[in-house]
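The file input09.txt contains compact mmCIF, C-alpha atoms:
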# COMPACT_ATOMS: atom_id res chain seq x y z
CA MET A 1 0.00 0.00 0.00
CA LEU A 2 2.69 2.53 0.97
CA ASP A 3 4.62 1.82 -2.22
CA SER A 4 1.50 2.53 -4.28
CA LEU A 5 0.94 5.74 -2.32
CA ARG A 6 4.50 6.85 -2.96
CA GLN A 7 4.26 6.16 -6.68
CA TRP A 8 0.98 8.08 -6.96
CA CYS A 9 2.29 11.04 -4.96
CA ALA A 10 5.45 11.21 -7.01
CA ALA A 11 3.49 11.16 -10.27
CA GLU A 12 1.11 13.89 -9.11
CA LEU A 13 3.93 16.10 -7.85
CA GLY A 14 6.05 15.49 -10.91
CA VAL A 15 9.07 14.20 -9.02
CA PRO A 16 10.83 10.81 -8.88
CA ALA A 17 9.62 8.54 -6.08
CA THR A 18 13.15 8.63 -4.69
CA ALA A 19 12.76 12.39 -4.20
CA LEU A 20 9.79 12.08 -1.83
CA GLY A 21 11.57 10.98 1.29
CA GLU A 22 9.70 9.00 3.94
CA LEU A 23 5.94 9.08 4.43
CA LEU A 24 5.87 10.34 8.00
CA PRO A 25 2.65 9.61 9.92
CA VAL A 26 0.79 12.67 11.21
CA ALA A 27 -1.60 12.51 14.15
CA GLY A 28 -5.12 12.05 12.81
CA ASP A 29 -8.67 12.16 14.10
CA ALA A 30 -11.17 9.59 15.34
CA SER A 31 -12.05 8.37 11.83
CA PHE A 32 -10.54 5.72 9.56
CA ARG A 33 -8.48 8.37 7.76
CA ARG A 34 -4.67 8.33 7.93
CA TYR A 35 -2.38 11.29 7.29
CA PHE A 36 1.23 11.42 6.15
CA ARG A 37 3.66 14.29 5.67
CA LEU A 38 6.02 14.23 2.72
CA PHE A 39 9.07 16.39 2.04
CA PRO A 40 9.56 16.30 -1.76
CA GLU A 41 12.94 17.59 -2.88
CA GLY A 42 12.70 21.16 -4.11
CA ARG A 43 9.11 21.64 -2.90
CA SER A 44 7.27 22.64 0.24
CA PRO A 45 6.03 19.81 2.47
CA VAL A 46 2.65 18.32 1.59
CA ILE A 47 0.08 16.20 3.42
CA LEU A 48 -1.31 12.96 2.07
CA MET A 49 -4.73 11.87 3.30
CA ASP A 50 -5.51 8.16 2.95
CA ALA A 51 -9.24 7.59 3.46
CA PRO A 52 -10.34 4.04 2.55
CA PRO A 53 -13.32 4.56 0.21
CA GLU A 54 -15.19 1.62 1.73
CA LYS A 55 -15.01 3.43 5.11
CA GLU A 56 -14.93 7.14 4.23
CA ASN A 57 -16.55 9.23 1.50
CA SER A 58 -14.00 11.92 0.63
CA GLN A 59 -16.12 13.85 -1.86
CA PRO A 60 -17.56 16.11 0.88
CA PHE A 61 -14.01 16.99 1.91
CA LEU A 62 -13.23 18.29 -1.57
CA ASP A 63 -16.55 20.13 -1.80
CA ILE A 64 -16.30 21.83 1.59
CA ALA A 65 -12.65 22.78 1.10
CA GLU A 66 -13.62 24.68 -2.04
CA ARG A 67 -16.56 26.41 -0.31
CA LEU A 68 -14.32 27.54 2.55
CA ARG A 69 -11.61 28.87 0.26
CA GLN A 70 -14.21 30.78 -1.77
CA ALA A 71 -15.29 32.42 1.50
CA ASP A 72 -11.69 33.54 2.20
CA ILE A 73 -11.18 30.90 4.91
CA HIS A 74 -7.80 29.18 4.88
CA ALA A 75 -8.67 25.56 4.28
CA PRO A 76 -5.82 23.48 2.82
CA ALA A 77 -5.51 23.70 -0.95
CA ILE A 78 -6.25 20.46 -2.80
CA LEU A 79 -3.20 19.54 -4.88
CA ALA A 80 -4.44 16.23 -6.30
CA HIS A 81 -6.95 13.49 -5.54
CA ASP A 82 -7.95 9.95 -6.47
CA LEU A 83 -11.29 9.31 -4.82
CA ALA A 84 -11.49 5.74 -6.12
CA ARG A 85 -8.56 4.93 -3.87
CA GLY A 86 -9.33 7.55 -1.22
CA TRP A 87 -6.12 9.54 -1.67
CA ILE A 88 -5.87 13.32 -1.47
CA LEU A 89 -2.76 15.49 -1.58
CA LEU A 90 -3.12 18.64 0.48
CA GLU A 91 -1.33 21.84 1.30
CA ASP A 92 0.57 21.37 4.57
CA LEU A 93 -0.70 23.81 7.20
CA GLY A 94 1.95 22.81 9.71
CA ASP A 95 1.75 21.36 13.22
CA THR A 96 0.95 24.33 15.46
CA LEU A 97 -2.57 23.96 16.83
CA TYR A 98 -4.60 26.70 18.45
CA LYS A 99 -4.69 24.42 21.49
CA ALA A 100 -1.08 25.48 22.08
CA ALA A 101 -1.87 29.12 21.34
CA PHE A 102 -4.61 29.19 23.98
CA GLU A 103 -2.27 27.56 26.50
CA LEU A 104 0.62 29.95 25.87
CA ARG A 105 -1.02 33.27 25.03
CA ASP A 106 -3.73 35.57 26.32
CA GLY A 107 -7.11 34.03 25.59
CA GLU A 108 -8.70 37.31 24.56
CA ALA A 109 -6.01 37.94 21.96
CA VAL A 110 -6.27 34.41 20.58
CA PHE A 111 -10.06 34.53 20.35
CA ALA A 112 -9.77 37.85 18.54
CA GLU A 113 -7.93 35.94 15.79
CA ILE A 114 -10.59 33.21 15.66
CA LEU A 115 -13.69 35.43 15.77
CA PRO A 116 -13.34 36.64 12.15
CA VAL A 117 -13.18 33.00 11.00
CA LEU A 118 -16.35 32.19 12.95
CA VAL A 119 -18.09 35.13 11.33
CA LYS A 120 -16.95 34.08 7.84
CA LEU A 121 -18.18 30.54 8.47
CA THR A 122 -21.74 31.82 8.89
CA ARG A 123 -21.47 33.27 5.37
CA VAL A 124 -20.12 30.17 3.62
CA ASP A 125 -22.42 28.77 0.95
CA ALA A 126 -24.49 26.09 2.71
CA GLY A 127 -26.63 25.18 -0.29
CA GLY A 128 -27.13 21.45 -0.72
CA LEU A 129 -25.44 20.51 2.54
CA PRO A 130 -27.10 17.98 4.86
CA LEU A 131 -29.54 19.66 7.22
CA TYR A 132 -28.96 19.72 10.95
CA ASP A 133 -32.62 18.93 11.33
CA ARG A 134 -34.69 17.43 14.14
CA SER A 135 -33.84 13.86 13.18
CA ARG A 136 -30.09 14.50 13.11
CA LEU A 137 -30.09 16.45 16.38
CA GLN A 138 -32.15 13.73 18.06
CA GLY A 139 -29.87 11.02 16.73
CA GLU A 140 -26.89 12.77 18.27
CA LEU A 141 -28.58 13.13 21.63
CA ASN A 142 -29.50 9.45 21.55
CA LEU A 143 -25.78 8.63 21.67
CA PHE A 144 -25.85 9.61 25.33
CA VAL A 145 -28.57 7.09 26.23
CA ASP A 146 -27.48 4.42 23.74
CA TRP A 147 -23.78 4.37 24.61
CA HIS A 148 -22.83 6.40 27.67
CA ILE A 149 -25.58 5.27 30.02
CA PRO A 150 -25.41 1.52 29.34
CA GLU A 151 -21.62 1.35 28.97
CA GLN A 152 -20.41 3.85 31.56
CA THR A 153 -23.08 3.85 34.28
CA ASP A 154 -25.18 1.40 36.25
CA ARG A 155 -28.30 3.57 36.06
CA PRO A 156 -30.48 2.55 33.07
CA LEU A 157 -33.39 4.85 32.29
CA SER A 158 -36.81 3.85 33.57
CA ASP A 159 -39.86 4.31 31.36
CA LYS A 160 -40.70 7.51 33.26
CA GLU A 161 -37.16 8.80 32.83
CA ARG A 162 -37.26 8.09 29.10
CA VAL A 163 -40.25 10.42 28.85
CA GLU A 164 -38.29 13.06 30.78
CA TRP A 165 -35.28 12.54 28.53
CA GLN A 166 -37.37 13.09 25.42
CA ALA A 167 -38.84 16.26 26.89
CA LEU A 168 -35.30 17.57 27.43
CA CYS A 169 -34.33 16.59 23.89
CA ASP A 170 -37.36 18.41 22.48
CA LEU A 171 -36.45 21.53 24.45
CA LEU A 172 -32.89 21.57 23.11
CA ILE A 173 -33.86 20.72 19.54
CA ASP A 174 -36.58 23.38 19.43
CA SER A 175 -34.03 25.96 20.56
CA ALA A 176 -31.58 24.86 17.86
CA LEU A 177 -34.15 25.00 15.07
CA THR A 178 -35.38 28.44 16.15
CA GLN A 179 -31.99 29.94 15.34
CA PRO A 180 -30.86 31.19 11.90
CA GLN A 181 -29.60 28.19 9.93
CA VAL A 182 -26.16 28.66 8.36
CA PHE A 183 -23.01 26.75 7.39
CA VAL A 184 -21.79 24.72 10.39
CA HIS A 185 -18.28 23.24 10.48
CA ARG A 186 -19.50 20.87 13.21
CA ASP A 187 -16.13 20.20 14.86
CA PHE A 188 -14.71 23.68 15.29
CA HIS A 189 -12.29 23.39 18.21
CA SER A 190 -8.70 24.19 19.08
CA CYS A 191 -7.24 21.02 17.53
CA ASN A 192 -8.89 21.70 14.18
CA LEU A 193 -7.46 25.22 13.89
CA MET A 194 -3.88 25.77 12.77
CA VAL A 195 -1.73 28.76 13.69
CA LEU A 196 -0.48 30.36 10.46
CA ASP A 197 0.83 33.74 9.43
CA GLY A 198 -2.34 35.78 9.03
CA ALA A 199 -5.66 34.02 9.49
CA PRO A 200 -6.02 30.61 11.22
CA GLY A 201 -6.08 27.50 9.07
CA VAL A 202 -9.18 25.30 9.28
CA ILE A 203 -9.15 21.50 8.96
CA ASP A 204 -11.43 18.46 9.56
CA PHE A 205 -14.45 20.14 7.98
CA GLN A 206 -15.84 17.30 5.87
CA ASP A 207 -18.90 16.75 8.10
CA ALA A 208 -20.22 20.29 7.59
CA VAL A 209 -23.99 20.82 7.56
CA ARG A 210 -26.54 23.61 7.44
CA GLY A 211 -27.62 24.25 11.00
CA PRO A 212 -27.85 26.54 14.05
CA ILE A 213 -25.77 29.70 13.97
CA SER A 214 -24.45 29.23 17.54
CA TYR A 215 -23.09 25.70 17.02
CA ASP A 216 -19.52 26.43 15.92
CA LEU A 217 -19.17 29.18 18.49
CA MET A 218 -20.03 26.78 21.31
CA SER A 219 -17.70 24.17 19.85
CA ILE A 220 -14.70 26.44 20.36
CA LEU A 221 -15.87 28.02 23.62
CA LEU A 222 -16.58 24.68 25.31
CA ASP A 223 -13.35 23.14 24.11
CA ARG A 224 -12.20 19.67 25.12
CA TYR A 225 -8.87 20.88 26.47
CA ILE A 226 -9.39 24.41 27.78
CA ALA A 227 -12.10 25.62 30.18
CA TRP A 228 -12.83 29.34 30.48
CA PRO A 229 -14.48 31.39 33.27
CA ARG A 230 -18.16 32.00 32.68
CA ASP A 231 -17.81 35.79 32.43
CA GLN A 232 -15.25 35.36 29.65
CA LEU A 233 -17.52 32.93 27.79
CA GLU A 234 -20.36 35.43 27.97
CA ARG A 235 -18.16 38.22 26.60
CA TRP A 236 -17.24 36.05 23.62
CA MET A 237 -20.86 35.01 23.07
CA GLU A 238 -21.83 38.65 23.00
CA ALA A 239 -18.99 39.66 20.67
CA PHE A 240 -20.14 37.02 18.17
CA ARG A 241 -23.81 38.05 18.51
CA GLN A 242 -22.94 41.64 17.68
CA GLN A 243 -21.26 40.47 14.48
CA VAL A 244 -23.76 37.90 13.18
CA ALA A 245 -27.12 38.46 14.91
CA PRO A 246 -27.31 42.03 16.25
CA SER A 247 -31.11 42.05 16.08
CA VAL A 248 -31.39 39.09 18.47
CA ALA A 249 -31.75 40.06 22.13
CA SER A 250 -28.70 39.24 24.24
CA GLU A 251 -30.74 37.13 26.65
CA THR A 252 -32.24 35.10 23.81
CA TRP A 253 -28.84 34.67 22.22
CA GLN A 254 -27.25 33.43 25.44
CA ARG A 255 -30.03 30.88 25.88
CA TRP A 256 -29.52 29.69 22.31
CA CYS A 257 -25.81 29.31 22.98
CA ASP A 258 -26.20 27.49 26.28
CA PHE A 259 -28.85 25.09 24.99
CA MET A 260 -26.77 24.41 21.88
CA GLY A 261 -23.75 23.72 24.05
CA LEU A 262 -25.78 21.32 26.17
CA GLN A 263 -26.96 19.39 23.13
CA ARG A 264 -23.42 19.15 21.79
CA ASN A 265 -21.87 18.12 25.09
CA LEU A 266 -24.37 15.32 25.71
CA LYS A 267 -23.63 14.10 22.19
CA ILE A 268 -19.87 14.22 22.76
CA ILE A 269 -20.10 12.21 25.97
CA GLY A 270 -22.03 9.59 24.01
CA ILE A 271 -19.49 9.65 21.17
CA PHE A 272 -16.60 9.11 23.57
CA ALA A 273 -18.37 6.09 25.08
CA ARG A 274 -18.98 4.69 21.59
CA LEU A 275 -15.35 5.23 20.58
CA ALA A 276 -14.23 3.39 23.71
CA HIS A 277 -16.60 0.43 23.66
CA ARG A 278 -17.19 -0.08 19.95
CA ASP A 279 -13.85 1.01 18.50
CA GLY A 280 -11.46 0.35 21.38
CA LYS A 281 -10.34 4.01 21.53
CA THR A 282 -10.48 4.30 25.31
CA GLY A 283 -8.30 7.40 25.52
CA TYR A 284 -11.29 9.63 24.84
CA LEU A 285 -12.89 8.63 28.15
CA SER A 286 -10.37 10.80 30.00
CA LEU A 287 -12.03 13.84 28.39
CA VAL A 288 -15.53 13.02 29.66
CA PRO A 289 -15.25 14.83 33.04
CA ARG A 290 -14.75 18.20 31.34
CA PHE A 291 -17.88 17.77 29.22
CA ALA A 292 -19.80 16.49 32.23
CA ASP A 293 -18.84 19.72 34.03
CA TYR A 294 -20.11 21.74 31.06
CA VAL A 295 -23.44 19.91 31.31
CA ARG A 296 -23.72 20.51 35.05
CA ASP A 297 -22.92 24.18 34.68
CA VAL A 298 -25.71 24.95 32.24
CA LEU A 299 -28.33 22.81 34.02
CA ILE A 300 -28.29 25.15 37.01
CA ARG A 301 -28.54 28.36 34.94
CA TYR A 302 -32.07 27.96 33.62
CA ASN A 303 -35.19 27.16 35.61
CA GLU A 304 -36.55 25.12 32.70
CA LEU A 305 -33.48 22.86 32.84
CA LYS A 306 -33.38 22.32 36.61
CA PRO A 307 -36.00 19.53 36.53
CA TYR A 308 -33.54 17.46 34.50
CA GLN A 309 -30.72 17.62 37.05
CA ALA A 310 -31.99 14.51 38.84
CA LEU A 311 -32.16 12.70 35.51
CA LEU A 312 -28.62 13.55 34.36
CA GLU A 313 -26.49 14.17 37.44
CA PRO A 314 -26.25 10.51 38.61
CA ARG A 315 -25.26 9.48 35.08
CA LEU A 316 -22.51 12.00 34.38

For this file, produce the structure as structure tokens.
Amino acid sequence: MLDSLRQWCAAELGVPATALGELLPVAGDASFRRYFRLFPEGRSPVILMDAPPEKENSQPFLDIAERLRQADIHAPAILAHDLARGWILLEDLGDTLYKAAFELRDGEAVFAEILPVLVKLTRVDAGGLPLYDRSRLQGELNLFVDWHIPEQTDRPLSDKERVEWQALCDLLIDSALTQPQVFVHRDFHSCNLMVLDGAPGVIDFQDAVRGPISYDLMSILLDRYIAWPRDQLERWMEAFRQQVAPSVASETWQRWCDFMGLQRNLKIIGIFARLAHRDGKTGYLSLVPRFADYVRDVLIRYNELKPYQALLEPRL
């Protein structure tokens, strides 16, 4: 396989295979995709994505990359592709993640670099993208009860609690669908943003949909590695509102954001349980406590959510 990859890369780059150097593995994501960095002689480094076509459909990656670049967002340029074999050659955006930037620099200054990208994302062409509709939002929430509860707790839901769970789901989904529906990256966090000269680079965007305007904002604010004080979160929520939804009342906007964050965090807890128990990727379980804390925090902020504390708290 690697020999075939090397031959293809060399042909596409117009260099001898001997001029490619090693295919150096690059840390990937939770999918079946693999990434390699190549250092062709006389050229800048490039990234090779190997996405087995029987496991991953790479066409959305190509489509979304073009939409982002047309919106002046720095997604990696596509240098070559062979979708039949699941191979894509990409511009190399480097190794410096915004995770490191947030850890080393002032958070306000770093977010000031990211905010323009968030605003541009809301203006990306979302035509023809899958809809973040009621069915999809419900399916994501179900991951919590289908995977986290049975695999990570000893508290199965009773019939009465299943009714309560659905009432909570309906509350969160209604809030999401009330919002303006725009392009949503869907995994916009500090490990999918690259520090570059100028604007941040954006990666891992192939699952983009058309959905709630607050989703990507809450993805980056409620990050898996960095927790921020509530007053800082609210300042950033407000800064984004002023840019993309100035006619929406601040109180309404904050509720949209918090409810969207709750939906996403319940989903993520379920995803981490599924990755651990279905796919053997147990390392993600160490991240669950942070998302459980995010859930607890928002449950106490709204009277309409407080009835669900008894349902969720013993299972977090």

Exercise: stretch 221-234 of chain A partners within 7 Å, only C-alpha atoms, chain neighbours under 2 positions left out, as a list in words: His189, Ser190, Leu217, Met218, Ser219, Trp236, Met237, Glu238, Leu287 and Arg290 of chain A

Residues from last step as file, C-alpha atoms, as a PDB file, in the coordinates of the input:
ATOM      1  CA  HIS A 189     -12.290  23.390  18.210  1.00  0.00           C
ATOM      2  CA  SER A 190      -8.700  24.190  19.080  1.00  0.00           C
ATOM      3  CA  LEU A 217     -19.170  29.180  18.490  1.00  0.00           C
ATOM      4  CA  MET A 218     -20.030  26.780  21.310  1.00  0.00           C
ATOM      5  CA  SER A 219     -17.700  24.170  19.850  1.00  0.00           C
ATOM      6  CA  TRP A 236     -17.240  36.050  23.620  1.00  0.00           C
ATOM      7  CA  MET A 237     -20.860  35.010  23.070  1.00  0.00           C
ATOM      8  CA  GLU A 238     -21.830  38.650  23.000  1.00  0.00           C
ATOM      9  CA  LEU A 287     -12.030  13.840  28.390  1.00  0.00           C
ATOM     10  CA  ARG A 290     -14.750  18.200  31.340  1.00  0.00           C
TER      11      ARG A 290
END

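Atom CA of A:Ile269 to atom CA of A:Arg296 spans 12.8 Å [interatomic distance, one decimal].
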
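Checking A:Ala80, A:Leu131, A:Leu141, A:Met49 one by one against A:Ala167, counting all atoms listed in the file, you find the shortest gap at A:Leu141.
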
In terms of the shortest atom-to-atom distance over only C-alpha atoms, which of A:Cys191, A:Ala75, A:Ala126, A:Val119 is closest to A:Val244? A:Val119

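Each of A:Phe32, A:Leu5, A:Gly211, A:Ile73 was compared to A:Asp279 using all atoms listed in the file, and A:Phe32 turns out to be the nearest.
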
Write out as a JSON list (two decimals) with C-alpha atoms, keeping the file's coordinate frame each polymer residue whose atoms come within 9 Å of A:Arg37, counting all atoms listed in the file; drop sequence neighbours fewer than 4 positions from it.
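Dumped everything to around_29.json:
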[["chain", "number", "residue", "atom", "x", "y", "z"],
["A", 22, "GLU", "CA", 9.70, 9.00, 3.94],
["A", 23, "LEU", "CA", 5.94, 9.08, 4.43],
["A", 24, "LEU", "CA", 5.87, 10.34, 8.00],
["A", 25, "PRO", "CA", 2.65, 9.61, 9.92],
["A", 26, "VAL", "CA", 0.79, 12.67, 11.21],
["A", 45, "PRO", "CA", 6.03, 19.81, 2.47],
["A", 46, "VAL", "CA", 2.65, 18.32, 1.59],
["A", 47, "ILE", "CA", 0.08, 16.20, 3.42],
["A", 48, "LEU", "CA", -1.31, 12.96, 2.07],
["A", 92, "ASP", "CA", 0.57, 21.37, 4.57]]

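Atom CA of A:Pro76 sits 19.9 Å away from atom CA of A:Gly42.
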
Do a neighbour search on A:Tyr308 at 8 Å with all atoms listed in the file, toss out local chain neighbours closer than 2 positions, and write the hits as a PyMOL selection string. chain A and resi 164-165+168+299+305-306+310-312

Those selected residues, please, written with C-alpha atoms and delivered as a CSV table (one decimal), in the coordinates of the input.
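Full text of part_31.csv as output:
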chain,number,residue,atom,x,y,z
A,164,GLU,CA,-38.3,13.1,30.8
A,165,TRP,CA,-35.3,12.5,28.5
A,168,LEU,CA,-35.3,17.6,27.4
A,299,LEU,CA,-28.3,22.8,34.0
A,305,LEU,CA,-33.5,22.9,32.8
A,306,LYS,CA,-33.4,22.3,36.6
A,310,ALA,CA,-32.0,14.5,38.8
A,311,LEU,CA,-32.2,12.7,35.5
A,312,LEU,CA,-28.6,13.6,34.4

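Nearest residue to A:Ile114, choosing from A:Phe240, A:Tyr294, A:Phe259, A:Trp8 and counting all atoms listed in the file: A:Phe240.
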
From the options A:Ser286, A:Asn303, A:Gln206, A:Thr122, which residue's atoms come nearest to A:Ala65, counting only C-alpha atoms? A:Gln206

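For the pair atom CA of A:Gly14 and atom CA of A:Phe36, the interatomic distance is 18.2 Å.
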
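Distances from A:Pro289, A:Gly127, A:Gly21, A:Pro200 to A:Leu115 were compared using only C-alpha atoms, and the smallest one belongs to A:Pro200.
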
Expected answer as a ChimeraX atom specification: all residues with atoms within 12 Å of (-6.4, 23.3, -1.6), only C-alpha atoms: /A:46-47,61-70,73-81,88-93,201-203

Need the shell around A:Ala17: protein/DNA/RNA residues with any atom at most 7 Å away, counting all atoms listed in the file. Skip same-chain ones fewer than 3 positions apart. Format as an mmCIF file with C-alpha atoms, keeping the file's coordinate frame?
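Printed below is out01.cif as written:
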data_model
loop_
_atom_site.group_PDB
_atom_site.id
_atom_site.type_symbol
_atom_site.label_atom_id
_atom_site.label_comp_id
_atom_site.auth_asym_id
_atom_site.auth_seq_id
_atom_site.Cartn_x
_atom_site.Cartn_y
_atom_site.Cartn_z
ATOM 1 C CA ARG A 6 4.500 6.850 -2.960
ATOM 2 C CA GLN A 7 4.260 6.160 -6.680
ATOM 3 C CA ALA A 10 5.450 11.210 -7.010
ATOM 4 C CA LEU A 20 9.790 12.080 -1.830
#
